[in-house]
>>> print(open('structure.pdb').read())   # PDB, C-alpha atoms, pLDDT in the B column
MODEL        1
ATOM      1  CA  MET H 220      34.340  13.552 -59.831  1.00 64.00           C
ATOM      2  CA  THR H 221      30.830  14.988 -59.801  1.00 74.00           C
ATOM      3  CA  ASP H 222      29.405  18.452 -59.295  1.00 80.00           C
ATOM      4  CA  ASP H 223      25.986  17.221 -58.153  1.00 88.00           C
ATOM      5  CA  PRO H 224      25.118  19.158 -54.947  1.00 90.00           C
ATOM      6  CA  ARG H 225      23.614  15.995 -53.416  1.00 91.00           C
ATOM      7  CA  PHE H 226      27.136  14.701 -52.855  1.00 91.00           C
ATOM      8  CA  THR H 227      28.479  17.727 -50.969  1.00 94.00           C
ATOM      9  CA  ALA H 228      29.087  18.379 -47.288  1.00 95.00           C
ATOM     10  CA  ALA H 229      26.683  21.325 -47.390  1.00 96.00           C
ATOM     11  CA  PHE H 230      23.827  19.140 -48.629  1.00 95.00           C
ATOM     12  CA  TRP H 231      24.346  16.498 -45.952  1.00 95.00           C
ATOM     13  CA  ASP H 232      24.940  18.987 -43.145  1.00 96.00           C
ATOM     14  CA  GLU H 233      21.628  20.603 -44.026  1.00 96.00           C
ATOM     15  CA  ARG H 234      19.863  17.264 -44.213  1.00 95.00           C
ATOM     16  CA  TYR H 235      21.173  16.088 -40.845  1.00 95.00           C
ATOM     17  CA  SER H 236      20.332  19.453 -39.312  1.00 96.00           C
ATOM     18  CA  SER H 237      16.712  19.065 -40.447  1.00 95.00           C
ATOM     19  CA  ALA H 238      15.925  16.467 -37.762  1.00 91.00           C
ATOM     20  CA  ASP H 239      17.168  15.317 -34.380  1.00 91.00           C
ATOM     21  CA  ARG H 240      17.781  11.867 -35.875  1.00 92.00           C
ATOM     22  CA  LEU H 241      17.604  10.781 -39.514  1.00 89.00           C
ATOM     23  CA  TRP H 242      18.115   7.044 -39.069  1.00 90.00           C
ATOM     24  CA  SER H 243      16.796   4.406 -36.675  1.00 89.00           C
ATOM     25  CA  GLY H 244      19.951   3.970 -34.597  1.00 90.00           C
ATOM     26  CA  ASP H 245      19.845   0.216 -35.267  1.00 95.00           C
ATOM     27  CA  PRO H 246      22.698  -1.520 -37.091  1.00 97.00           C
ATOM     28  CA  ASN H 247      22.218  -2.443 -40.725  1.00 97.00           C
ATOM     29  CA  PRO H 248      20.790  -5.999 -40.774  1.00 97.00           C
ATOM     30  CA  ALA H 249      23.024  -7.036 -43.677  1.00 98.00           C
ATOM     31  CA  LEU H 250      26.089  -5.865 -41.752  1.00 98.00           C
ATOM     32  CA  VAL H 251      24.995  -7.904 -38.739  1.00 98.00           C
ATOM     33  CA  GLU H 252      24.450 -11.015 -40.859  1.00 98.00           C
ATOM     34  CA  GLU H 253      27.667 -10.737 -42.849  1.00 98.00           C
ATOM     35  CA  VAL H 254      30.063  -9.700 -40.085  1.00 98.00           C
ATOM     36  CA  SER H 255      28.853 -11.501 -36.951  1.00 97.00           C
ATOM     37  CA  GLY H 256      30.998 -14.537 -37.757  1.00 96.00           C
ATOM     38  CA  LEU H 257      34.195 -12.604 -38.483  1.00 98.00           C
ATOM     39  CA  ALA H 258      37.033 -12.199 -35.992  1.00 98.00           C
ATOM     40  CA  PRO H 259      37.284  -8.552 -34.860  1.00 98.00           C
ATOM     41  CA  GLY H 260      40.149  -6.453 -36.129  1.00 98.00           C
ATOM     42  CA  ARG H 261      40.579  -3.014 -37.631  1.00 98.00           C
ATOM     43  CA  ALA H 262      37.497  -1.678 -39.467  1.00 98.00           C
ATOM     44  CA  LEU H 263      36.682   1.275 -41.706  1.00 98.00           C
ATOM     45  CA  GLU H 264      33.152   2.492 -42.370  1.00 98.00           C
ATOM     46  CA  ALA H 265      32.783   4.960 -45.229  1.00 98.00           C
ATOM     47  CA  GLY H 266      29.646   7.063 -44.880  1.00 97.00           C
ATOM     48  CA  CYS H 267      28.981   6.295 -41.226  1.00 98.00           C
ATOM     49  CA  GLY H 268      26.233   8.875 -40.739  1.00 97.00           C
ATOM     50  CA  GLU H 269      25.037   8.986 -37.148  1.00 98.00           C
ATOM     51  CA  GLY H 270      27.273   6.082 -36.218  1.00 98.00           C
ATOM     52  CA  ALA H 271      24.999   3.111 -35.506  1.00 98.00           C
ATOM     53  CA  ASP H 272      26.953   0.611 -37.597  1.00 98.00           C
ATOM     54  CA  SER H 273      30.379   1.730 -36.401  1.00 98.00           C
ATOM     55  CA  LEU H 274      29.217   1.555 -32.797  1.00 98.00           C
ATOM     56  CA  TRP H 275      27.776  -1.920 -33.339  1.00 98.00           C
ATOM     57  CA  LEU H 276      31.169  -3.042 -34.635  1.00 98.00           C
ATOM     58  CA  ALA H 277      33.002  -1.404 -31.732  1.00 98.00           C
ATOM     59  CA  ARG H 278      30.759  -3.185 -29.223  1.00 98.00           C
ATOM     60  CA  ARG H 279      31.860  -6.457 -30.783  1.00 98.00           C
ATOM     61  CA  GLY H 280      35.529  -5.751 -30.370  1.00 98.00           C
ATOM     62  CA  TRP H 281      36.401  -4.027 -33.639  1.00 98.00           C
ATOM     63  CA  THR H 282      38.655  -0.963 -33.644  1.00 98.00           C
ATOM     64  CA  VAL H 283      36.676   1.305 -35.945  1.00 98.00           C
ATOM     65  CA  THR H 284      37.232   4.437 -37.983  1.00 98.00           C
ATOM     66  CA  GLY H 285      33.876   5.909 -38.993  1.00 98.00           C
ATOM     67  CA  THR H 286      34.071   8.515 -41.750  1.00 98.00           C
ATOM     68  CA  ASP H 287      31.504  10.847 -43.235  1.00 98.00           C
ATOM     69  CA  VAL H 288      31.356  14.043 -45.262  1.00 98.00           C
ATOM     70  CA  SER H 289      28.948  15.660 -42.787  1.00 98.00           C
ATOM     71  CA  GLU H 290      30.365  17.320 -39.687  1.00 98.00           C
ATOM     72  CA  VAL H 291      26.841  17.440 -38.253  1.00 98.00           C
ATOM     73  CA  ALA H 292      26.500  13.661 -38.580  1.00 98.00           C
ATOM     74  CA  LEU H 293      29.912  13.059 -37.015  1.00 98.00           C
ATOM     75  CA  ARG H 294      29.126  15.287 -34.020  1.00 97.00           C
ATOM     76  CA  ARG H 295      25.936  13.303 -33.552  1.00 97.00           C
ATOM     77  CA  ALA H 296      27.837  10.012 -33.816  1.00 98.00           C
ATOM     78  CA  ALA H 297      30.334  11.205 -31.222  1.00 97.00           C
ATOM     79  CA  GLY H 298      27.444  12.156 -28.954  1.00 97.00           C
ATOM     80  CA  HIS H 299      26.061   8.621 -29.243  1.00 96.00           C
ATOM     81  CA  THR H 300      29.393   7.040 -28.309  1.00 98.00           C
ATOM     82  CA  PRO H 301      29.359   5.641 -24.745  1.00 97.00           C
ATOM     83  CA  PRO H 302      32.481   6.279 -22.651  1.00 97.00           C
ATOM     84  CA  GLU H 303      33.476   2.613 -22.672  1.00 97.00           C
ATOM     85  CA  LEU H 304      33.819   2.704 -26.478  1.00 97.00           C
ATOM     86  CA  ALA H 305      35.681   5.990 -26.697  1.00 92.00           C
ATOM     87  CA  GLY H 306      38.996   4.243 -27.287  1.00 93.00           C
ATOM     88  CA  GLN H 307      37.639   1.842 -29.904  1.00 97.00           C
ATOM     89  CA  VAL H 308      35.987   4.168 -32.394  1.00 98.00           C
ATOM     90  CA  THR H 309      37.352   7.259 -34.129  1.00 98.00           C
ATOM     91  CA  TRP H 310      35.143   9.692 -36.036  1.00 98.00           C
ATOM     92  CA  ARG H 311      36.799  11.351 -39.010  1.00 98.00           C
ATOM     93  CA  ARG H 312      35.478  13.804 -41.578  1.00 98.00           C
ATOM     94  CA  THR H 313      36.403  12.774 -45.115  1.00 97.00           C
ATOM     95  CA  ASP H 314      34.951  13.367 -48.555  1.00 96.00           C
ATOM     96  CA  VAL H 315      35.136  10.082 -50.457  1.00 94.00           C
ATOM     97  CA  LEU H 316      35.140  12.017 -53.717  1.00 95.00           C
ATOM     98  CA  ASP H 317      38.690  13.192 -53.063  1.00 93.00           C
ATOM     99  CA  TRP H 318      39.954  10.928 -50.248  1.00 94.00           C
ATOM    100  CA  VAL H 319      41.648   7.563 -50.615  1.00 91.00           C
ATOM    101  CA  PRO H 320      42.033   5.406 -47.488  1.00 97.00           C
ATOM    102  CA  GLU H 321      45.266   3.720 -46.514  1.00 97.00           C
ATOM    103  CA  THR H 322      46.038   0.754 -48.757  1.00 96.00           C
ATOM    104  CA  ARG H 323      45.531  -2.774 -47.365  1.00 97.00           C
ATOM    105  CA  ALA H 324      45.149  -1.463 -43.850  1.00 98.00           C
ATOM    106  CA  TYR H 325      41.766  -2.763 -42.640  1.00 98.00           C
ATOM    107  CA  ASP H 326      40.384  -6.184 -41.779  1.00 98.00           C
ATOM    108  CA  LEU H 327      36.910  -4.922 -42.694  1.00 98.00           C
ATOM    109  CA  VAL H 328      35.800  -2.131 -45.010  1.00 98.00           C
ATOM    110  CA  PHE H 329      32.075  -1.424 -44.972  1.00 98.00           C
ATOM    111  CA  THR H 330      29.797   1.028 -46.726  1.00 98.00           C
ATOM    112  CA  ALA H 331      26.014   1.148 -46.955  1.00 98.00           C
ATOM    113  CA  PHE H 332      23.658   3.074 -49.208  1.00 97.00           C
ATOM    114  CA  MET H 333      26.337   5.255 -50.757  1.00 97.00           C
ATOM    115  CA  HIS H 334      24.677   5.873 -54.099  1.00 96.00           C
ATOM    116  CA  LEU H 335      26.911   7.640 -56.582  1.00 96.00           C
ATOM    117  CA  PRO H 336      26.887   7.936 -60.388  1.00 96.00           C
ATOM    118  CA  SER H 337      28.388   4.745 -61.788  1.00 96.00           C
ATOM    119  CA  ALA H 338      31.666   6.250 -63.005  1.00 96.00           C
ATOM    120  CA  THR H 339      32.225   7.922 -59.641  1.00 96.00           C
ATOM    121  CA  ARG H 340      31.123   4.814 -57.747  1.00 96.00           C
ATOM    122  CA  ARG H 341      33.659   2.645 -59.533  1.00 96.00           C
ATOM    123  CA  GLN H 342      36.488   4.992 -58.625  1.00 95.00           C
ATOM    124  CA  VAL H 343      35.427   5.532 -55.017  1.00 96.00           C
ATOM    125  CA  PHE H 344      34.637   1.877 -54.306  1.00 96.00           C
ATOM    126  CA  ALA H 345      37.880   0.748 -55.930  1.00 95.00           C
ATOM    127  CA  GLY H 346      39.704   2.845 -53.343  1.00 96.00           C
ATOM    128  CA  LEU H 347      37.685   1.210 -50.571  1.00 96.00           C
ATOM    129  CA  ALA H 348      38.494  -2.249 -51.915  1.00 96.00           C
ATOM    130  CA  GLU H 349      42.189  -1.399 -51.988  1.00 95.00           C
ATOM    131  CA  ALA H 350      41.970  -0.552 -48.279  1.00 97.00           C
ATOM    132  CA  VAL H 351      41.158  -4.191 -47.395  1.00 97.00           C
ATOM    133  CA  ALA H 352      44.090  -6.137 -45.948  1.00 97.00           C
ATOM    134  CA  PRO H 353      44.868  -9.717 -47.030  1.00 97.00           C
ATOM    135  CA  GLY H 354      42.387 -11.989 -45.287  1.00 97.00           C
ATOM    136  CA  GLY H 355      40.051  -9.045 -44.726  1.00 98.00           C
ATOM    137  CA  SER H 356      36.541  -8.435 -46.021  1.00 98.00           C
ATOM    138  CA  LEU H 357      34.789  -5.827 -48.112  1.00 98.00           C
ATOM    139  CA  VAL H 358      31.066  -5.469 -47.378  1.00 98.00           C
ATOM    140  CA  VAL H 359      28.881  -3.238 -49.542  1.00 98.00           C
ATOM    141  CA  VAL H 360      25.133  -2.752 -49.048  1.00 98.00           C
ATOM    142  CA  ALA H 361      22.960  -0.699 -51.404  1.00 98.00           C
ATOM    143  CA  HIS H 362      19.413  -0.321 -52.637  1.00 97.00           C
ATOM    144  CA  HIS H 363      18.835  -2.888 -55.377  1.00 97.00           C
ATOM    145  CA  PRO H 364      17.708  -1.709 -58.849  1.00 97.00           C
ATOM    146  CA  ARG H 365      14.609  -3.871 -58.386  1.00 96.00           C
ATOM    147  CA  ASP H 366      13.257  -1.222 -56.020  1.00 95.00           C
ATOM    148  CA  LEU H 367      12.948   1.147 -58.969  1.00 93.00           C
ATOM    149  CA  GLU H 368      10.702  -1.357 -60.730  1.00 90.00           C
ATOM    150  CA  ASP H 369       8.628  -2.390 -57.720  1.00 88.00           C
ATOM    151  CA  GLY H 370       7.983   1.154 -56.524  1.00 84.00           C
ATOM    152  CA  ALA H 371       7.230   0.005 -52.973  1.00 84.00           C
ATOM    153  CA  VAL H 372       9.156   2.995 -51.610  1.00 91.00           C
ATOM    154  CA  PRO H 373      10.298   6.102 -53.481  1.00 91.00           C
ATOM    155  CA  ARG H 374      13.784   5.952 -54.988  1.00 94.00           C
ATOM    156  CA  PRO H 375      15.399   8.572 -57.228  1.00 93.00           C
ATOM    157  CA  PRO H 376      14.376   7.703 -60.821  1.00 94.00           C
ATOM    158  CA  GLU H 377      18.021   7.450 -61.836  1.00 96.00           C
ATOM    159  CA  PRO H 378      19.055   3.884 -62.715  1.00 96.00           C
ATOM    160  CA  ASP H 379      22.709   4.916 -62.901  1.00 97.00           C
ATOM    161  CA  LEU H 380      22.756   5.327 -59.105  1.00 97.00           C
ATOM    162  CA  PHE H 381      21.844   1.673 -58.496  1.00 97.00           C
ATOM    163  CA  CYS H 382      23.703  -1.584 -59.022  1.00 97.00           C
ATOM    164  CA  THR H 383      23.486  -5.302 -58.385  1.00 98.00           C
ATOM    165  CA  ALA H 384      25.934  -7.310 -56.297  1.00 98.00           C
ATOM    166  CA  GLY H 385      27.079  -9.006 -59.486  1.00 96.00           C
ATOM    167  CA  GLU H 386      27.965  -5.663 -61.032  1.00 96.00           C
ATOM    168  CA  LEU H 387      29.866  -4.664 -57.891  1.00 96.00           C
ATOM    169  CA  ALA H 388      31.761  -7.941 -57.896  1.00 95.00           C
ATOM    170  CA  GLU H 389      32.811  -7.433 -61.515  1.00 94.00           C
ATOM    171  CA  GLU H 390      33.965  -3.895 -60.754  1.00 91.00           C
ATOM    172  CA  LEU H 391      35.723  -4.446 -57.436  1.00 90.00           C
ATOM    173  CA  VAL H 392      36.959  -7.991 -56.936  1.00 84.00           C
ATOM    174  CA  PRO H 393      38.893  -9.306 -59.955  1.00 75.00           C
ATOM    175  CA  ALA H 394      39.525 -13.020 -60.151  1.00 69.00           C
ATOM    176  CA  GLY H 395      42.692 -14.233 -58.494  1.00 77.00           C
ATOM    177  CA  GLY H 396      42.848 -11.939 -55.479  1.00 92.00           C
ATOM    178  CA  TRP H 397      39.371 -12.236 -53.980  1.00 96.00           C
ATOM    179  CA  THR H 398      36.735 -14.769 -53.016  1.00 95.00           C
ATOM    180  CA  VAL H 399      33.114 -13.629 -53.178  1.00 96.00           C
ATOM    181  CA  ARG H 400      31.316 -14.922 -50.084  1.00 97.00           C
ATOM    182  CA  THR H 401      27.944 -13.205 -50.579  1.00 98.00           C
ATOM    183  CA  GLN H 402      26.356 -11.842 -53.756  1.00 97.00           C
ATOM    184  CA  ASP H 403      22.709 -11.207 -53.055  1.00 97.00           C
ATOM    185  CA  ALA H 404      19.514  -9.265 -53.712  1.00 97.00           C
ATOM    186  CA  ARG H 405      18.217  -9.585 -50.162  1.00 97.00           C
ATOM    187  CA  PRO H 406      14.573  -8.829 -49.312  1.00 96.00           C
ATOM    188  CA  ARG H 407      13.820  -6.712 -46.280  1.00 94.00           C
ATOM    189  CA  THR H 408      10.507  -5.583 -44.775  1.00 94.00           C
ATOM    190  CA  VAL H 409      10.126  -1.877 -43.999  1.00 90.00           C
ATOM    191  CA  THR H 410       7.224   0.322 -42.954  1.00 91.00           C
ATOM    192  CA  HIS H 411       6.327   3.012 -45.486  1.00 87.00           C
ATOM    193  CA  GLU H 412       3.380   5.365 -45.011  1.00 86.00           C
ATOM    194  CA  GLY H 413       1.923   3.107 -42.365  1.00 90.00           C
ATOM    195  CA  ARG H 414       2.131  -0.175 -44.253  1.00 90.00           C
ATOM    196  CA  GLU H 415       4.689  -2.944 -44.454  1.00 94.00           C
ATOM    197  CA  VAL H 416       6.393  -3.336 -47.832  1.00 94.00           C
ATOM    198  CA  THR H 417       9.293  -5.367 -49.160  1.00 95.00           C
ATOM    199  CA  VAL H 418      12.442  -3.757 -50.491  1.00 95.00           C
ATOM    200  CA  HIS H 419      15.605  -5.430 -51.764  1.00 96.00           C
ATOM    201  CA  ASP H 420      19.190  -4.736 -50.772  1.00 97.00           C
ATOM    202  CA  THR H 421      22.229  -5.344 -52.901  1.00 98.00           C
ATOM    203  CA  VAL H 422      24.674  -7.186 -50.617  1.00 98.00           C
ATOM    204  CA  LEU H 423      28.255  -8.001 -51.515  1.00 98.00           C
ATOM    205  CA  ARG H 424      30.806  -9.562 -49.180  1.00 98.00           C
ATOM    206  CA  ALA H 425      34.184 -10.426 -50.623  1.00 97.00           C
ATOM    207  CA  GLU H 426      37.348 -11.631 -48.915  1.00 97.00           C
ATOM    208  CA  ARG H 427      40.791 -10.594 -50.106  1.00 96.00           C
ATOM    209  CA  THR H 428      42.875 -13.743 -50.492  1.00 93.00           C
ATOM    210  CA  ALA H 429      46.123 -12.163 -51.685  1.00 83.00           C
TER     211      ALA H 429
ENDMDL
END
>>> encode(input="structure.pdb", output="structure tokens")
Amino acid sequence: MTDDPRFTAAFWDERYSSADRLWSGDPNPALVEEVSGLAPGRALEAGCGEGADSLWLARRGWTVTGTDVSEVALRRAAGHTPPELAGQVTWRRTDVLDWVPETRAYDLVFTAFMHLPSATRRQVFAGLAEAVAPGGSLVVVAHHPRDLEDGAVPRPPEPDLFCTAGELAEELVPAGGWTVRTQDARPRTVTHEGREVTVHDTVLRAERTA
């Protein structure tokens, strides 16, 4: 779907190998807010990285499959998995550019900060939406296009990689089979170069109704 090296296993293996930990280890705050009220079931996280979000779900009773293109990230995620969660979370290497998850099989499908060219994003995310079972939820979190304008933190100067929740809803959840529960540009405070700044996250939560 794209030959950009930034979307390859080699790129992400090298990036994860460059540091002992790339991410904070804390769960995504939008995931926590959107999912805390849902009954646990079977969950899929696409692009799980070092595993913080999948492990947060597992601790709350979800049976989770965490997938990522990077074998280095998945080994790290497995190393962070406590013995008591070993039976609740499975780590699986997949490349979303050529992998389609099982149709209507998950009560929750979640992905965060998976920024792909728009044509590729529509195809990949459509496959993730199709993996949601009736009554289940799709949760997508991304950097909002507003961050490109504000410049509070550096983002790739490529508008095609960014989208609003409204655009995602139009692409992924056609009328008649879904109910949009959250469609937001959510502010979040982060520390960048020693100072606190505000960024905005695209947050979409939609429930499959049929």
>>> resolve_selection(input="structure.pdb", expression="the PyMOL selection byres ((chain H and resi 298-314) around 12)", output="PyMOL selection string")
chain H and resi 220+226-229+231-232+240+244+259-297+315-320+343
>>> atom_distance(input="structure.pdb", atom1="atom CA of Phe344 of chain H", atom2="atom CA of Pro224 of chain H")
19.7 Å
>>> closest_residue(input="structure.pdb", among="H:Leu367, H:Val351, H:Ala404, H:Val254", to="Thr383 of chain H", atoms="all atoms listed in the file")
H:Ala404
>>> resolve_selection(input="structure.pdb", expression="the PyMOL selection byres ((chain H and resi 329) around 7)", output="list of chain:residue names")
H:Leu263, H:Glu264, H:Ala265, H:Leu327, H:Val328, H:Thr330, H:Ala331, H:Leu357, H:Val358, H:Val359
>>> write_last_selection(input="structure.pdb", atoms="C-alpha atoms", output="PDB file, in the coordinates of the input")
ATOM      1  CA  LEU H 263      36.682   1.275 -41.706  1.00 98.00           C
ATOM      2  CA  GLU H 264      33.152   2.492 -42.370  1.00 98.00           C
ATOM      3  CA  ALA H 265      32.783   4.960 -45.229  1.00 98.00           C
ATOM      4  CA  LEU H 327      36.910  -4.922 -42.694  1.00 98.00           C
ATOM      5  CA  VAL H 328      35.800  -2.131 -45.010  1.00 98.00           C
ATOM      6  CA  THR H 330      29.797   1.028 -46.726  1.00 98.00           C
ATOM      7  CA  ALA H 331      26.014   1.148 -46.955  1.00 98.00           C
ATOM      8  CA  LEU H 357      34.789  -5.827 -48.112  1.00 98.00           C
ATOM      9  CA  VAL H 358      31.066  -5.469 -47.378  1.00 98.00           C
ATOM     10  CA  VAL H 359      28.881  -3.238 -49.542  1.00 98.00           C
TER      11      VAL H 359
END
>>> resolve_selection(input="structure.pdb", expression="the PyMOL selection byres ((chain H and resi 418) around 12)", output="ChimeraX atom specification")
/H:361-374,404-411,415-417,419-421
>>> residues_around(input="structure.pdb", residues="segment 336-340 of chain H", least_positions_apart="6", cutoff="10 Å", atoms="only C-alpha atoms", output="PyMOL selection string")
chain H and resi 220-221+223+315-316+346+377-382+387+390
>>> closest_residue(input="structure.pdb", among="H:Gln342, H:Ser255, H:Gln402, H:Ser356", to="Arg323 of chain H", atoms="all atoms listed in the file")
H:Ser356
>>> atom_distance(input="structure.pdb", atom1="atom CA of Leu257 of chain H", atom2="atom CA of Glu321 of chain H")
21.3 Å
>>> atom_distance(input="structure.pdb", atom1="atom CA of Asp222 of chain H", atom2="atom CA of His334 of chain H")
14.4 Å
>>> closest_residue(input="structure.pdb", among="H:Ala388, H:Ala238, H:Val251, H:Val422", to="Ala345 of chain H", atoms="only C-alpha atoms")
H:Ala388
>>> closest_residue(input="structure.pdb", among="H:Pro375, H:Gly413, H:Gly396, H:Gly385", to="Ala352 of chain H", atoms="only C-alpha atoms")
H:Gly396
